[in-house]
$ cat coords.json   # JSON, C-alpha atoms
[["chain", "number", "residue", "atom", "x", "y", "z"],
["C", 1, "MET", "CA", 0.00, 0.00, 0.00],
["C", 2, "LYS", "CA", 2.75, 2.44, 0.93],
["C", 3, "LEU", "CA", 4.63, 1.67, -2.30],
["C", 4, "ALA", "CA", 1.58, 2.49, -4.40],
["C", 5, "HIS", "CA", 0.86, 5.72, -2.54],
["C", 6, "LEU", "CA", 4.48, 6.82, -2.79],
["C", 7, "ALA", "CA", 4.52, 6.20, -6.56],
["C", 8, "VAL", "CA", 1.46, 8.32, -7.17],
["C", 9, "GLY", "CA", 2.50, 10.99, -4.68],
["C", 10, "ALA", "CA", 5.95, 11.38, -6.19],
["C", 11, "PHE", "CA", 4.51, 11.86, -9.66],
["C", 12, "LEU", "CA", 1.90, 14.38, -8.56],
["C", 13, "LEU", "CA", 4.53, 16.43, -6.73],
["C", 14, "ALA", "CA", 6.81, 16.47, -9.77],
["C", 15, "PRO", "CA", 6.43, 19.33, -12.27],
["C", 16, "CYS", "CA", 3.77, 18.05, -14.67],
["C", 17, "ALA", "CA", 2.78, 21.08, -16.71],
["C", 18, "ILE", "CA", 4.49, 24.11, -18.17],
["C", 19, "ALA", "CA", 2.28, 27.17, -17.86],
["C", 20, "ASN", "CA", 3.71, 28.86, -20.96],
["C", 21, "PRO", "CA", 5.43, 26.29, -23.22],
["C", 22, "ILE", "CA", 5.94, 28.61, -26.20],
["C", 23, "SER", "CA", 8.93, 30.93, -26.22],
["C", 24, "ILE", "CA", 7.69, 34.43, -27.02],
["C", 25, "ASP", "CA", 10.84, 36.49, -26.67],
["C", 26, "GLY", "CA", 11.64, 37.72, -30.16],
["C", 27, "GLY", "CA", 13.80, 34.71, -30.88],
["C", 28, "LEU", "CA", 16.14, 34.46, -27.92],
["C", 29, "THR", "CA", 14.90, 30.88, -27.52],
["C", 30, "TRP", "CA", 12.65, 28.61, -29.57],
["C", 31, "ASN", "CA", 10.93, 26.31, -27.09],
["C", 32, "GLY", "CA", 7.73, 24.95, -28.62],
["C", 33, "TRP", "CA", 8.78, 25.92, -32.15],
["C", 34, "THR", "CA", 9.63, 23.65, -35.10],
["C", 35, "SER", "CA", 12.56, 24.49, -37.36],
["C", 36, "ARG", "CA", 11.54, 24.41, -41.04],
["C", 37, "GLY", "CA", 15.14, 24.70, -42.25],
["C", 38, "ARG", "CA", 17.31, 27.45, -43.68],
["C", 39, "SER", "CA", 16.35, 29.73, -46.52],
["C", 40, "ASP", "CA", 19.26, 28.56, -48.68],
["C", 41, "GLN", "CA", 18.36, 24.88, -48.42],
["C", 42, "LEU", "CA", 16.64, 22.63, -50.93],
["C", 43, "GLY", "CA", 12.97, 22.23, -50.11],
["C", 44, "VAL", "CA", 12.83, 25.58, -48.32],
["C", 45, "LEU", "CA", 14.19, 28.22, -50.70],
["C", 46, "GLY", "CA", 11.42, 29.46, -52.95],
["C", 47, "SER", "CA", 12.95, 32.32, -54.91],
["C", 48, "GLY", "CA", 15.51, 35.08, -54.75],
["C", 49, "THR", "CA", 19.07, 35.36, -53.58],
["C", 50, "THR", "CA", 20.88, 32.91, -51.33],
["C", 51, "THR", "CA", 22.97, 35.76, -49.90],
["C", 52, "ASP", "CA", 20.39, 36.65, -47.27],
["C", 53, "VAL", "CA", 20.18, 33.49, -45.15],
["C", 54, "TYR", "CA", 17.84, 32.80, -42.25],
["C", 55, "GLU", "CA", 16.37, 29.84, -40.39],
["C", 56, "VAL", "CA", 12.58, 29.58, -40.39],
["C", 57, "PHE", "CA", 10.46, 28.35, -37.46],
["C", 58, "SER", "CA", 6.74, 27.73, -36.98],
["C", 59, "THR", "CA", 4.35, 26.90, -34.16],
["C", 60, "VAL", "CA", 0.59, 26.61, -33.55],
["C", 61, "PHE", "CA", -0.95, 26.80, -30.08],
["C", 62, "ARG", "CA", -3.95, 27.86, -28.05],
["C", 63, "PHE", "CA", -3.46, 31.16, -26.28],
["C", 64, "ASP", "CA", -3.23, 30.70, -22.51],
["C", 65, "ASN", "CA", -2.17, 33.88, -20.71],
["C", 66, "ASN", "CA", 0.95, 33.96, -22.87],
["C", 67, "SER", "CA", 3.29, 36.84, -22.25],
["C", 68, "VAL", "CA", 6.40, 38.33, -23.83],
["C", 69, "SER", "CA", 9.82, 37.96, -22.24],
["C", 70, "GLY", "CA", 13.44, 38.70, -23.07],
["C", 71, "SER", "CA", 12.97, 42.46, -23.47],
["C", 72, "ALA", "CA", 11.73, 41.89, -27.01],
["C", 73, "THR", "CA", 10.64, 44.87, -29.08],
["C", 74, "GLY", "CA", 7.17, 44.88, -30.62],
["C", 75, "GLY", "CA", 3.54, 43.98, -30.08],
["C", 76, "GLY", "CA", 0.41, 45.87, -29.21],
["C", 77, "PRO", "CA", -1.66, 48.07, -31.48],
["C", 78, "THR", "CA", 1.26, 50.45, -32.10],
["C", 79, "GLY", "CA", 4.36, 48.26, -31.83],
["C", 80, "GLY", "CA", 7.13, 49.25, -29.46],
["C", 81, "ALA", "CA", 6.98, 47.10, -26.33],
["C", 82, "THR", "CA", 3.30, 46.58, -25.54],
["C", 83, "GLY", "CA", 2.95, 42.81, -25.72],
["C", 84, "PHE", "CA", -0.40, 41.30, -26.72],
["C", 85, "GLY", "CA", -2.46, 44.30, -25.68],
["C", 86, "THR", "CA", -5.37, 45.02, -28.01],
["C", 87, "GLY", "CA", -7.17, 48.13, -29.16],
["C", 88, "SER", "CA", -10.51, 49.20, -30.56],
["C", 89, "PHE", "CA", -9.88, 47.46, -33.89],
["C", 90, "SER", "CA", -8.51, 44.18, -32.52],
["C", 91, "ALA", "CA", -11.10, 43.52, -29.83],
["C", 92, "GLY", "CA", -11.22, 39.85, -28.85],
["C", 93, "ALA", "CA", -7.76, 39.04, -30.17],
["C", 94, "PHE", "CA", -5.36, 36.97, -28.08],
["C", 95, "ALA", "CA", -8.04, 35.75, -25.72],
["C", 96, "ASN", "CA", -7.47, 32.47, -23.91],
["C", 97, "GLY", "CA", -8.39, 29.51, -26.11],
["C", 98, "ASN", "CA", -7.84, 31.33, -29.41],
["C", 99, "LEU", "CA", -5.83, 29.53, -32.10],
["C", 100, "ILE", "CA", -2.47, 31.25, -32.65],
["C", 101, "LEU", "CA", -0.14, 30.77, -35.63],
["C", 102, "GLY", "CA", 3.51, 31.62, -35.10],
["C", 103, "ILE", "CA", 6.21, 32.11, -37.74],
["C", 104, "GLY", "CA", 9.76, 32.99, -36.74],
["C", 105, "VAL", "CA", 13.03, 33.96, -38.39],
["C", 106, "ARG", "CA", 16.59, 33.77, -37.09],
["C", 107, "ARG", "CA", 19.10, 35.64, -39.26],
["C", 108, "THR", "CA", 22.25, 33.77, -40.26],
["C", 109, "SER", "CA", 23.90, 36.12, -42.76],
["C", 110, "GLY", "CA", 23.18, 38.90, -45.19],
["C", 111, "SER", "CA", 20.95, 41.93, -44.70],
["C", 112, "ALA", "CA", 20.30, 43.35, -41.26],
["C", 113, "LEU", "CA", 16.81, 43.14, -39.80],
["C", 114, "SER", "CA", 16.66, 46.82, -38.96],
["C", 115, "GLY", "CA", 14.12, 48.53, -41.18],
["C", 116, "PHE", "CA", 13.04, 45.30, -42.86],
["C", 117, "VAL", "CA", 9.36, 44.71, -43.71],
["C", 118, "PRO", "CA", 8.58, 40.95, -43.59],
["C", 119, "THR", "CA", 5.69, 39.73, -45.73],
["C", 120, "VAL", "CA", 3.81, 36.51, -44.93],
["C", 121, "ARG", "CA", 1.57, 35.23, -47.74],
["C", 122, "PHE", "CA", -1.17, 32.71, -46.88],
["C", 123, "ASP", "CA", -2.47, 30.16, -49.40],
["C", 124, "LEU", "CA", -5.55, 28.79, -47.66],
["C", 125, "ASP", "CA", -5.84, 25.53, -49.58],
["C", 126, "ASN", "CA", -2.09, 24.85, -49.75],
["C", 127, "ASP", "CA", -1.90, 24.34, -53.50],
["C", 128, "SER", "CA", -0.16, 27.45, -54.81],
["C", 129, "TYR", "CA", 3.20, 28.18, -53.19],
["C", 130, "ARG", "CA", 6.13, 25.78, -53.43],
["C", 131, "ALA", "CA", 9.89, 25.71, -52.96],
["C", 132, "ALA", "CA", 12.22, 25.60, -55.96],
["C", 133, "THR", "CA", 13.37, 22.17, -57.08],
["C", 134, "SER", "CA", 17.01, 23.27, -56.86],
["C", 135, "VAL", "CA", 18.90, 25.87, -54.85],
["C", 136, "GLY", "CA", 18.93, 28.95, -57.02],
["C", 137, "GLY", "CA", 16.32, 27.42, -59.33],
["C", 138, "ALA", "CA", 13.70, 29.55, -61.04],
["C", 139, "ASP", "CA", 10.67, 27.28, -60.61],
["C", 140, "GLY", "CA", 9.73, 28.22, -57.05],
["C", 141, "ARG", "CA", 6.32, 29.81, -56.50],
["C", 142, "THR", "CA", 6.24, 32.62, -53.98],
["C", 143, "THR", "CA", 4.64, 35.78, -55.38],
["C", 144, "PHE", "CA", 1.17, 36.82, -54.26],
["C", 145, "THR", "CA", 0.48, 38.66, -57.53],
["C", 146, "GLN", "CA", 1.09, 35.51, -59.52],
["C", 147, "TRP", "CA", 0.03, 32.58, -57.35],
["C", 148, "SER", "CA", -2.65, 33.74, -54.92],
["C", 149, "GLU", "CA", -6.30, 32.73, -55.19],
["C", 150, "PHE", "CA", -9.59, 34.30, -54.18],
["C", 151, "ARG", "CA", -9.60, 35.14, -50.43],
["C", 152, "ASP", "CA", -5.92, 34.34, -49.90],
["C", 153, "PHE", "CA", -4.16, 37.11, -47.99],
["C", 154, "THR", "CA", -0.87, 38.60, -46.81],
["C", 155, "VAL", "CA", 0.26, 40.42, -43.66],
["C", 156, "GLN", "CA", 3.21, 42.75, -43.22],
["C", 157, "PHE", "CA", 5.16, 44.14, -40.27],
["C", 158, "GLU", "CA", 7.35, 47.24, -40.05],
["C", 159, "GLY", "CA", 10.68, 46.47, -38.42],
["C", 160, "ALA", "CA", 11.64, 50.14, -38.40],
["C", 161, "GLN", "CA", 8.46, 51.07, -36.50],
["C", 162, "GLY", "CA", 8.65, 48.91, -33.41],
["C", 163, "TRP", "CA", 7.56, 45.80, -35.36],
["C", 164, "ARG", "CA", 3.98, 47.02, -35.58],
["C", 165, "GLY", "CA", 1.52, 45.46, -38.01],
["C", 166, "SER", "CA", 1.55, 47.38, -41.28],
["C", 167, "THR", "CA", -0.87, 46.02, -43.89],
["C", 168, "LEU", "CA", -3.42, 43.27, -44.51],
["C", 169, "THR", "CA", -4.03, 42.44, -48.18],
["C", 170, "MET", "CA", -6.68, 40.09, -49.57],
["C", 171, "GLN", "CA", -6.98, 38.68, -53.08],
["C", 172, "ALA", "CA", -10.39, 39.72, -54.39],
["C", 173, "GLY", "CA", -9.65, 38.06, -57.74],
["C", 174, "ASN", "CA", -6.97, 35.51, -58.59],
["C", 175, "GLY", "CA", -3.26, 35.66, -59.24],
["C", 176, "THR", "CA", -2.15, 35.92, -62.83],
["C", 177, "SER", "CA", -1.09, 32.25, -62.93],
["C", 178, "ASN", "CA", -4.46, 31.19, -61.51],
["C", 179, "GLY", "CA", -6.62, 32.80, -64.15],
["C", 180, "GLY", "CA", -6.65, 36.39, -62.86],
["C", 181, "PRO", "CA", -7.60, 39.11, -62.80],
["C", 182, "ASN", "CA", -5.21, 40.07, -60.03],
["C", 183, "ASP", "CA", -7.32, 42.27, -57.72],
["C", 184, "GLN", "CA", -5.56, 42.95, -54.44],
["C", 185, "GLN", "CA", -7.43, 44.93, -51.79],
["C", 186, "TRP", "CA", -5.71, 46.51, -48.79],
["C", 187, "ILE", "CA", -6.58, 47.29, -45.21],
["C", 188, "VAL", "CA", -3.65, 49.58, -44.50],
["C", 189, "GLY", "CA", -2.12, 50.63, -41.22],
["C", 190, "GLY", "CA", -3.67, 53.68, -39.66],
["C", 191, "ILE", "CA", -7.13, 52.28, -38.96],
["C", 192, "GLY", "CA", -9.42, 54.78, -37.29],
["C", 193, "SER", "CA", -7.23, 57.55, -35.90],
["C", 194, "GLY", "CA", -4.72, 57.31, -38.73],
["C", 195, "VAL", "CA", -1.93, 56.14, -36.44],
["C", 196, "SER", "CA", -3.30, 53.08, -34.69],
["C", 197, "TYR", "CA", -1.91, 50.18, -36.77],
["C", 198, "ASP", "CA", -4.25, 47.96, -34.80],
["C", 199, "PHE", "CA", -4.46, 44.40, -36.20],
["C", 200, "PRO", "CA", -4.98, 40.96, -34.60],
["C", 201, "PHE", "CA", -1.38, 40.05, -35.41],
["C", 202, "ARG", "CA", 1.79, 40.88, -33.50],
["C", 203, "ALA", "CA", 5.56, 40.69, -33.96],
["C", 204, "PHE", "CA", 8.40, 40.69, -31.42],
["C", 205, "ALA", "CA", 12.08, 41.05, -32.26],
["C", 206, "GLN", "CA", 15.64, 40.88, -31.07],
["C", 207, "ALA", "CA", 18.65, 42.19, -33.00],
["C", 208, "ASP", "CA", 18.89, 39.14, -35.31],
["C", 209, "SER", "CA", 15.57, 37.36, -34.97],
["C", 210, "TYR", "CA", 11.85, 37.97, -34.84],
["C", 211, "GLN", "CA", 8.62, 36.08, -34.15],
["C", 212, "MET", "CA", 5.21, 36.83, -35.70],
["C", 213, "PHE", "CA", 1.85, 35.73, -34.32],
["C", 214, "LEU", "CA", -1.60, 35.73, -35.93],
["C", 215, "ASP", "CA", -4.80, 35.10, -33.99],
["C", 216, "ALA", "CA", -6.85, 32.86, -36.30],
["C", 217, "ASN", "CA", -10.10, 33.35, -34.40],
["C", 218, "ALA", "CA", -9.82, 37.13, -34.47],
["C", 219, "MET", "CA", -8.70, 37.21, -38.11],
["C", 220, "ASN", "CA", -11.77, 35.16, -39.09],
["C", 221, "ALA", "CA", -14.12, 37.29, -37.00],
["C", 222, "ILE", "CA", -12.79, 40.72, -37.88],
["C", 223, "TYR", "CA", -11.71, 40.23, -41.50],
["C", 224, "GLY", "CA", -13.61, 37.10, -42.62],
["C", 225, "THR", "CA", -16.52, 36.77, -45.01],
["C", 226, "GLY", "CA", -19.02, 37.44, -42.23],
["C", 227, "ASN", "CA", -17.68, 40.97, -41.88],
["C", 228, "PRO", "CA", -17.05, 42.41, -45.36],
["C", 229, "ASN", "CA", -15.61, 45.91, -45.52],
["C", 230, "PRO", "CA", -14.47, 45.88, -41.87],
["C", 231, "PHE", "CA", -14.70, 49.29, -40.22],
["C", 232, "GLY", "CA", -15.98, 50.77, -43.49],
["C", 233, "LEU", "CA", -12.46, 51.23, -44.83],
["C", 234, "ASN", "CA", -12.59, 49.50, -48.21],
["C", 235, "PRO", "CA", -15.84, 48.33, -49.87],
["C", 236, "ASN", "CA", -13.83, 46.10, -52.21],
["C", 237, "PHE", "CA", -12.39, 44.15, -49.29],
["C", 238, "THR", "CA", -14.96, 41.35, -49.07],
["C", 239, "GLY", "CA", -13.35, 39.05, -46.51],
["C", 240, "ILE", "CA", -10.42, 36.67, -46.24],
["C", 241, "GLY", "CA", -10.86, 32.91, -46.15],
["C", 242, "ASN", "CA", -10.99, 31.17, -42.78],
["C", 243, "LEU", "CA", -7.96, 29.90, -40.91],
["C", 244, "THR", "CA", -9.36, 26.62, -39.64],
["C", 245, "ALA", "CA", -7.86, 24.38, -36.97],
["C", 246, "GLY", "CA", -6.73, 21.07, -38.45],
["C", 247, "SER", "CA", -6.26, 22.39, -41.99],
["C", 248, "THR", "CA", -2.95, 23.03, -43.75],
["C", 249, "VAL", "CA", -2.09, 26.39, -45.27],
["C", 250, "GLY", "CA", 0.69, 27.22, -47.70],
["C", 251, "ILE", "CA", 3.14, 29.90, -46.57],
["C", 252, "SER", "CA", 5.31, 32.10, -48.75],
["C", 253, "LEU", "CA", 7.60, 34.23, -46.59],
["C", 254, "ASN", "CA", 9.88, 37.07, -47.52],
["C", 255, "GLY", "CA", 11.84, 36.74, -44.32],
["C", 256, "LEU", "CA", 14.99, 38.73, -45.05],
["C", 257, "GLY", "CA", 16.31, 40.74, -47.97],
["C", 258, "GLY", "CA", 15.37, 39.29, -51.34],
["C", 259, "ASN", "CA", 15.04, 35.70, -50.15],
["C", 260, "ASN", "CA", 11.60, 34.02, -50.21],
["C", 261, "VAL", "CA", 10.83, 30.61, -48.71],
["C", 262, "ALA", "CA", 7.79, 28.36, -49.15],
["C", 263, "PHE", "CA", 6.39, 25.62, -46.92],
["C", 264, "GLY", "CA", 3.14, 24.08, -45.71],
["C", 265, "MET", "CA", 1.91, 24.70, -42.17],
["C", 266, "ALA", "CA", -0.54, 22.39, -40.42],
["C", 267, "LEU", "CA", -2.86, 24.34, -38.11],
["C", 268, "THR", "CA", -2.75, 21.69, -35.41],
["C", 269, "PRO", "CA", -2.01, 23.08, -31.94],
["C", 270, "ILE", "CA", 0.73, 21.54, -29.87],
["C", 271, "PRO", "CA", -0.69, 19.68, -26.82],
["C", 272, "GLU", "CA", -2.15, 22.04, -24.28],
["C", 273, "PRO", "CA", -0.22, 22.41, -21.01],
["C", 274, "GLY", "CA", -0.93, 19.54, -18.64],
["C", 275, "THR", "CA", -2.64, 17.28, -21.20],
["C", 276, "GLY", "CA", 0.21, 14.81, -21.42],
["C", 277, "ALA", "CA", 0.87, 15.00, -17.72],
["C", 278, "LEU", "CA", -2.72, 14.20, -16.85],
["C", 279, "GLY", "CA", -2.51, 11.17, -19.11],
["C", 280, "GLY", "CA", 0.58, 10.15, -17.19],
["C", 281, "VAL", "CA", -1.29, 10.56, -13.90],
["C", 282, "GLY", "CA", -4.02, 8.25, -15.18],
["C", 283, "MET", "CA", -1.47, 5.63, -16.17],
["C", 284, "LEU", "CA", 0.28, 5.80, -12.83],
["C", 285, "VAL", "CA", -2.98, 5.59, -10.92],
["C", 286, "GLY", "CA", -3.72, 2.42, -12.85],
["C", 287, "VAL", "CA", -0.27, 1.05, -12.06],
["C", 288, "ALA", "CA", -0.77, 1.96, -8.39],
["C", 289, "GLY", "CA", -4.04, 0.05, -8.33],
["C", 290, "LEU", "CA", -2.32, -2.98, -9.77],
["C", 291, "VAL", "CA", 0.43, -2.72, -7.13],
["C", 292, "ARG", "CA", -2.18, -2.52, -4.34],
["C", 293, "ARG", "CA", -3.99, -5.60, -5.62],
["C", 294, "ARG", "CA", -0.76, -7.56, -5.76],
["C", 295, "LEU", "CA", 0.21, -6.42, -2.27],
["C", 296, "ARG", "CA", -3.16, -7.56, -0.90],
["C", 297, "ARG", "CA", -2.79, -10.93, -2.59],
["C", 298, "GLY", "CA", 0.72, -11.22, -1.18]]

$ encode --input "coords.json" --output "structure tokens"
Amino acid sequence: MKLAHLAVGAFLLAPCAIANPISIDGGLTWNGWTSRGRSDQLGVLGSGTTTDVYEVFSTVFRFDNNSVSGSATGGGPTGGATGFGTGSFSAGAFANGNLILGIGVRRTSGSALSGFVPTVRFDLDNDSYRAATSVGGADGRTTFTQWSEFRDFTVQFEGAQGWRGSTLTMQAGNGTSNGGPNDQQWIVGGIGSGVSYDFPFRAFAQADSYQMFLDANAMNAIYGTGNPNPFGLNPNFTGIGNLTAGSTVGISLNGLGGNNVAFGMALTPIPEPGTGALGGVGMLVGVAGLVRRRLRRG
């Protein structure tokens, strides 16, 4: 009996859940992230120069009181150092339980990050963007103008302006290689007051790395088909397609200089904190019961 109780007690007293398993520190660390490879590698490089080299990371998780550490620059409606705070035009974003997509870059060589404007292009049915078949090859597909489809979209961040969100662009037509006509519609920074830059996506940076986060729930609610012409800013903006948990989206990323990468990203959250540990508790309780029965028989 004592053996069984000690086994369960020791496990329950051990650390069994990490309150914040995703590193959100501008790229000082990458706990909870998956490396997609370097931008000069086969299967990653989509187009452009191999002079500007960076490693690409991705993650998907459910927001759970996540906070920013490491003195990272960025976040908030205006960039700077305001974390996941929201404003009038991003109400409901980064609430607990919301699905969050993260894409990160760690610079290896080439252009400096200062002043850079990263562009993340989303292909919602994962059939448009692709890496080149050889390093330096010309058959990669990365451009929004050419390869996007109806309701695909892009987001941009301004590195020179505290890593604030800059622009959201939807494809109201089709890219030129998908039948056209190319009809891109913008929701530009400066919503409302003209200086707010208030979007449901955030970026945080260090000197040679940055991490970008999009709230899928808020993007769907604020800019989806159920809310065409959000905030009355552009009547031709008729709604982006949904970012749906469990689906896979294609990503084309201009992460540094003139170097574009392409990869698919499954929108499957990593296990929520404590889920695996609770499963372990259940297993150990079962083992403890078996030990008790054997002790009684003995």

$ closest_residue --input "coords.json" --among "C:Asp52, C:Asp64, C:Asp152, C:Asp139" --to "C:Asn98" --atoms "all atoms listed in the file"
C:Asp64

$ atom_distance --input "coords.json" --atom1 "atom CA of C:Ser23" --atom2 "atom CA of C:Ile240"
28.4 Å

$ atom_distance --input "coords.json" --atom1 "atom CA of C:Ala218" --atom2 "atom CA of C:Thr142"
25.7 Å

$ closest_residue --input "coords.json" --among "C:Gln206, C:Asn182, C:Ser71, C:Ser128" --to "C:Ser114" --atoms "all atoms listed in the file"
C:Gln206

$ residues_near_point --input "coords.json" --point "(-12.8, 37.6, -38.5)" --cutoff "12 Å" --atoms "all atoms listed in the file" --output "PyMOL selection string"
chain C and resi 89-93+199-200+214-231+238-244

$ decode --input "coords.json" --residues "stretch 82-91 of chain C" --atoms "all heavy atoms" --output "mmCIF file, in the first residue's frame"
data_model
loop_
_atom_site.group_PDB
_atom_site.id
_atom_site.type_symbol
_atom_site.label_atom_id
_atom_site.label_comp_id
_atom_site.auth_asym_id
_atom_site.auth_seq_id
_atom_site.Cartn_x
_atom_site.Cartn_y
_atom_site.Cartn_z
ATOM 1 N N THR C 82 4.594 46.630 -26.207
ATOM 2 C CA THR C 82 3.295 46.583 -25.539
ATOM 3 C C THR C 82 2.657 45.196 -25.551
ATOM 4 O O THR C 82 1.482 45.052 -25.276
ATOM 5 C CB THR C 82 2.325 47.585 -26.183
ATOM 6 O OG1 THR C 82 2.350 47.413 -27.611
ATOM 7 C CG2 THR C 82 2.727 49.012 -25.858
ATOM 8 N N GLY C 83 3.433 44.172 -25.852
ATOM 9 C CA GLY C 83 2.946 42.811 -25.724
ATOM 10 C C GLY C 83 1.719 42.515 -26.564
ATOM 11 O O GLY C 83 1.577 42.987 -27.685
ATOM 12 N N PHE C 84 0.803 41.720 -25.994
ATOM 13 C CA PHE C 84 -0.396 41.304 -26.717
ATOM 14 C C PHE C 84 -1.595 42.205 -26.426
ATOM 15 O O PHE C 84 -2.730 41.821 -26.674
ATOM 16 C CB PHE C 84 -0.743 39.851 -26.365
ATOM 17 C CG PHE C 84 0.181 38.848 -27.003
ATOM 18 C CD1 PHE C 84 1.161 38.215 -26.247
ATOM 19 C CD2 PHE C 84 0.079 38.544 -28.347
ATOM 20 C CE1 PHE C 84 2.013 37.286 -26.836
ATOM 21 C CE2 PHE C 84 0.932 37.623 -28.946
ATOM 22 C CZ PHE C 84 1.902 36.991 -28.186
ATOM 23 N N GLY C 85 -1.356 43.382 -25.915
ATOM 24 C CA GLY C 85 -2.456 44.301 -25.677
ATOM 25 C C GLY C 85 -3.222 44.598 -26.953
ATOM 26 O O GLY C 85 -2.649 44.651 -28.041
ATOM 27 N N THR C 86 -4.532 44.775 -26.837
ATOM 28 C CA THR C 86 -5.373 45.022 -28.007
ATOM 29 C C THR C 86 -5.975 46.418 -27.948
ATOM 30 O O THR C 86 -5.925 47.096 -26.920
ATOM 31 C CB THR C 86 -6.496 43.986 -28.109
ATOM 32 O OG1 THR C 86 -7.276 44.017 -26.905
ATOM 33 C CG2 THR C 86 -5.925 42.582 -28.293
ATOM 34 N N GLY C 87 -6.544 46.827 -29.065
ATOM 35 C CA GLY C 87 -7.168 48.133 -29.163
ATOM 36 C C GLY C 87 -8.572 48.026 -29.702
ATOM 37 O O GLY C 87 -9.143 46.932 -29.810
ATOM 38 N N SER C 88 -9.123 49.152 -30.096
ATOM 39 C CA SER C 88 -10.510 49.197 -30.565
ATOM 40 C C SER C 88 -10.741 48.348 -31.808
ATOM 41 O O SER C 88 -11.847 47.852 -32.035
ATOM 42 C CB SER C 88 -10.900 50.652 -30.862
ATOM 43 O OG SER C 88 -10.781 51.451 -29.710
ATOM 44 N N PHE C 89 -9.716 48.159 -32.627
ATOM 45 C CA PHE C 89 -9.884 47.457 -33.894
ATOM 46 C C PHE C 89 -9.333 46.026 -33.847
ATOM 47 O O PHE C 89 -9.248 45.373 -34.883
ATOM 48 C CB PHE C 89 -9.225 48.262 -35.015
ATOM 49 C CG PHE C 89 -9.841 49.625 -35.179
ATOM 50 C CD1 PHE C 89 -9.291 50.724 -34.559
ATOM 51 C CD2 PHE C 89 -10.991 49.787 -35.930
ATOM 52 C CE1 PHE C 89 -9.860 51.976 -34.688
ATOM 53 C CE2 PHE C 89 -11.574 51.035 -36.061
ATOM 54 C CZ PHE C 89 -11.010 52.139 -35.440
ATOM 55 N N SER C 90 -8.936 45.585 -32.671
ATOM 56 C CA SER C 90 -8.508 44.183 -32.520
ATOM 57 C C SER C 90 -9.173 43.559 -31.300
ATOM 58 O O SER C 90 -8.611 42.668 -30.665
ATOM 59 C CB SER C 90 -6.982 44.097 -32.394
ATOM 60 O OG SER C 90 -6.514 44.865 -31.295
ATOM 61 N N ALA C 91 -10.374 44.033 -30.993
ATOM 62 C CA ALA C 91 -11.099 43.524 -29.826
ATOM 63 C C ALA C 91 -11.306 42.016 -29.937
ATOM 64 O O ALA C 91 -11.686 41.506 -30.995
ATOM 65 C CB ALA C 91 -12.452 44.228 -29.702
#
